[in-house]
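Participant: Pasting in a structure now, in structure tokens, and then I'll have a few things to ask.
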Amino acid sequence: MGEAQDPGIYARRRTKSLELTIEVMKTKDPNFKYLRAKTKVEKLKNFYTHLVVYVVVNTVLSTIKIYRNMENGESFNEAFFDTSTFIIWLLWGIAILLHALSIYGLPILFNADWEERKIEQYMEEELKNKNK
């Protein structure tokens with residue numbers, strides 16, 4: 001049979017790991033900077049992809065809608081300025097705006113240090129909870 005292990009050993013390992021992670025953040029380890037930069041680039045890439053899909057899909061949908069309306073006897077102006085032509089642009093545009101805000105943030109509320117401070121705060125809270 002195996003030896004009995006101290007049940008607190010796992011908590012101490014997690015605590016050490018958390019302390020190490022906090023220390024890495026404080027020392028601004030180059031690997032940590034790289035990972036954060038890579039994450040930001042991936043988020044930005046996803047946003048640009050979302051933006052391109054938004055433009056392409058809405059252009060195609062609007063073109064089809066205008067064409068159908070014109071076949072049903074409407075003039076180009078009537079078909080183009082129909083409210084239902086723009087509603088998808090508007091609703092999806094709101095989603096694009098929210099996506100952009102999640103990437104770029106609001107500089108007044110979420111400055112450059114905000115994310116790092118919040119990560120450190122939550123990690124320190126986690127460390128305190130693990131020590132209880």
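Residue numbers start at 1 in each chain; chains themselves are named A, B, ... in the order of the structure tokens; ligands are numbered from 1 in the order shown.
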Tell me which protein, DNA and RNA residues are within 12 Å of Phe81 in chain A, counting only C-alpha atoms, leaving out same-chain ones fewer than 4 positions away, and put them as a PDB file with N, CA and C atoms, in the first residue's frame.

Facilitator:
ATOM      1  N   SER A  62     -28.455  42.565 -48.773  1.00  0.00           N
ATOM      2  CA  SER A  62     -29.094  43.805 -49.215  1.00  0.00           C
ATOM      3  C   SER A  62     -29.291  43.814 -50.730  1.00  0.00           C
ATOM      4  N   LYS A  65     -32.197  41.559 -51.528  1.00  0.00           N
ATOM      5  CA  LYS A  65     -33.450  42.188 -51.109  1.00  0.00           C
ATOM      6  C   LYS A  65     -33.843  43.299 -52.067  1.00  0.00           C
ATOM      7  N   ILE A  66     -32.910  44.137 -52.447  1.00  0.00           N
ATOM      8  CA  ILE A  66     -33.205  45.240 -53.373  1.00  0.00           C
ATOM      9  C   ILE A  66     -33.641  44.677 -54.721  1.00  0.00           C
ATOM     10  N   ASN A  69     -37.202  43.319 -54.433  1.00  0.00           N
ATOM     11  CA  ASN A  69     -38.172  44.415 -54.317  1.00  0.00           C
ATOM     12  C   ASN A  69     -38.382  45.109 -55.667  1.00  0.00           C
ATOM     13  N   MET A  70     -37.290  45.235 -56.417  1.00  0.00           N
ATOM     14  CA  MET A  70     -37.419  45.864 -57.736  1.00  0.00           C
ATOM     15  C   MET A  70     -38.211  44.964 -58.689  1.00  0.00           C
ATOM     16  N   GLU A  74     -41.137  47.872 -57.209  1.00  0.00           N
ATOM     17  CA  GLU A  74     -40.615  49.064 -56.532  1.00  0.00           C
ATOM     18  C   GLU A  74     -39.494  49.685 -57.369  1.00  0.00           C
ATOM     19  N   SER A  75     -39.342  50.993 -57.199  1.00  0.00           N
ATOM     20  CA  SER A  75     -38.208  51.649 -57.848  1.00  0.00           C
ATOM     21  C   SER A  75     -36.947  51.345 -57.039  1.00  0.00           C
ATOM     22  N   PHE A  76     -35.788  51.664 -57.625  1.00  0.00           N
ATOM     23  CA  PHE A  76     -34.540  51.409 -56.918  1.00  0.00           C
ATOM     24  C   PHE A  76     -34.516  52.174 -55.595  1.00  0.00           C
ATOM     25  N   ASN A  77     -34.918  53.436 -55.613  1.00  0.00           N
ATOM     26  CA  ASN A  77     -34.914  54.234 -54.384  1.00  0.00           C
ATOM     27  C   ASN A  77     -35.831  53.642 -53.322  1.00  0.00           C
ATOM     28  N   THR A  85     -34.304  46.781 -45.323  1.00  0.00           N
ATOM     29  CA  THR A  85     -32.988  46.636 -45.937  1.00  0.00           C
ATOM     30  C   THR A  85     -31.887  47.004 -44.936  1.00  0.00           C
ATOM     31  N   PHE A  86     -32.172  47.970 -44.090  1.00  0.00           N
ATOM     32  CA  PHE A  86     -31.151  48.474 -43.170  1.00  0.00           C
ATOM     33  C   PHE A  86     -31.206  47.852 -41.781  1.00  0.00           C
ATOM     34  N   ILE A  87     -32.297  47.157 -41.457  1.00  0.00           N
ATOM     35  CA  ILE A  87     -32.435  46.648 -40.095  1.00  0.00           C
ATOM     36  C   ILE A  87     -31.347  45.643 -39.743  1.00  0.00           C
TER      37      ILE A  87
END

Participant: One decimal, in Å: what's the spacing between CA of Ile96 in chain A and CA of Tyr48 in chain A?

Facilitator: 9.9 Å

Participant: Contacts of Ser102 in chain A at 10 Å or less, counting only C-alpha atoms, minus same-chain residues fewer than 4 places along, as a list in words?

Facilitator: Lys43, Leu44, Phe47, Ile96, Leu97, Leu98 and Leu106 of chain A

Participant: Would you save the residues from that selection as a PDB file, in the first residue's frame, using N, CA and C atoms?

Facilitator:
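Dumped everything to selection23.pdb:
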ATOM      1  N   LYS A  43      -7.363  38.311 -30.667  1.00  0.00           N
ATOM      2  CA  LYS A  43      -8.651  38.990 -30.489  1.00  0.00           C
ATOM      3  C   LYS A  43      -8.877  40.015 -31.602  1.00  0.00           C
ATOM      4  N   LEU A  44      -7.837  40.743 -31.950  1.00  0.00           N
ATOM      5  CA  LEU A  44      -7.939  41.740 -33.016  1.00  0.00           C
ATOM      6  C   LEU A  44      -8.211  41.064 -34.359  1.00  0.00           C
ATOM      7  N   PHE A  47     -11.766  40.074 -34.529  1.00  0.00           N
ATOM      8  CA  PHE A  47     -12.624  41.242 -34.753  1.00  0.00           C
ATOM      9  C   PHE A  47     -12.630  41.627 -36.233  1.00  0.00           C
ATOM     10  N   ILE A  96     -21.268  44.408 -33.762  1.00  0.00           N
ATOM     11  CA  ILE A  96     -19.903  44.791 -34.143  1.00  0.00           C
ATOM     12  C   ILE A  96     -19.356  45.846 -33.177  1.00  0.00           C
ATOM     13  N   LEU A  97     -20.179  46.812 -32.829  1.00  0.00           N
ATOM     14  CA  LEU A  97     -19.771  47.856 -31.884  1.00  0.00           C
ATOM     15  C   LEU A  97     -19.397  47.246 -30.534  1.00  0.00           C
ATOM     16  N   LEU A  98     -20.216  46.333 -30.048  1.00  0.00           N
ATOM     17  CA  LEU A  98     -19.919  45.681 -28.767  1.00  0.00           C
ATOM     18  C   LEU A  98     -18.630  44.865 -28.861  1.00  0.00           C
ATOM     19  N   LEU A 106     -13.048  50.913 -23.379  1.00  0.00           N
ATOM     20  CA  LEU A 106     -13.329  52.330 -23.218  1.00  0.00           C
ATOM     21  C   LEU A 106     -12.136  52.934 -22.496  1.00  0.00           C
TER      22      LEU A 106
END

Participant: Rounded to one decimal in Å, what is the spacing between CA of Tyr34 in chain A and CA of Leu51 in chain A?

Facilitator: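 Result for CA of Tyr34 in chain A versus CA of Leu51 in chain A: 25.5 Å, one decimal.
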
Participant: Any idea what's packed within 12 Å of Ala95 in chain A, counting only C-alpha atoms, ignoring anything in its chain fewer than 5 positions away? Could you give it as a PyMOL selection string?

Facilitator: chain A and resi 47+50-51+54+88-90+100-102

Participant: So the first atom is CA of Gly105 in chain A and the second is CA of Phe32 in chain A; what is the distance between them in Å, to one decimal place?

Facilitator: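 Taking CA of Gly105 in chain A as the start and CA of Phe32 in chain A as the end point, the length is 21.1 Å.
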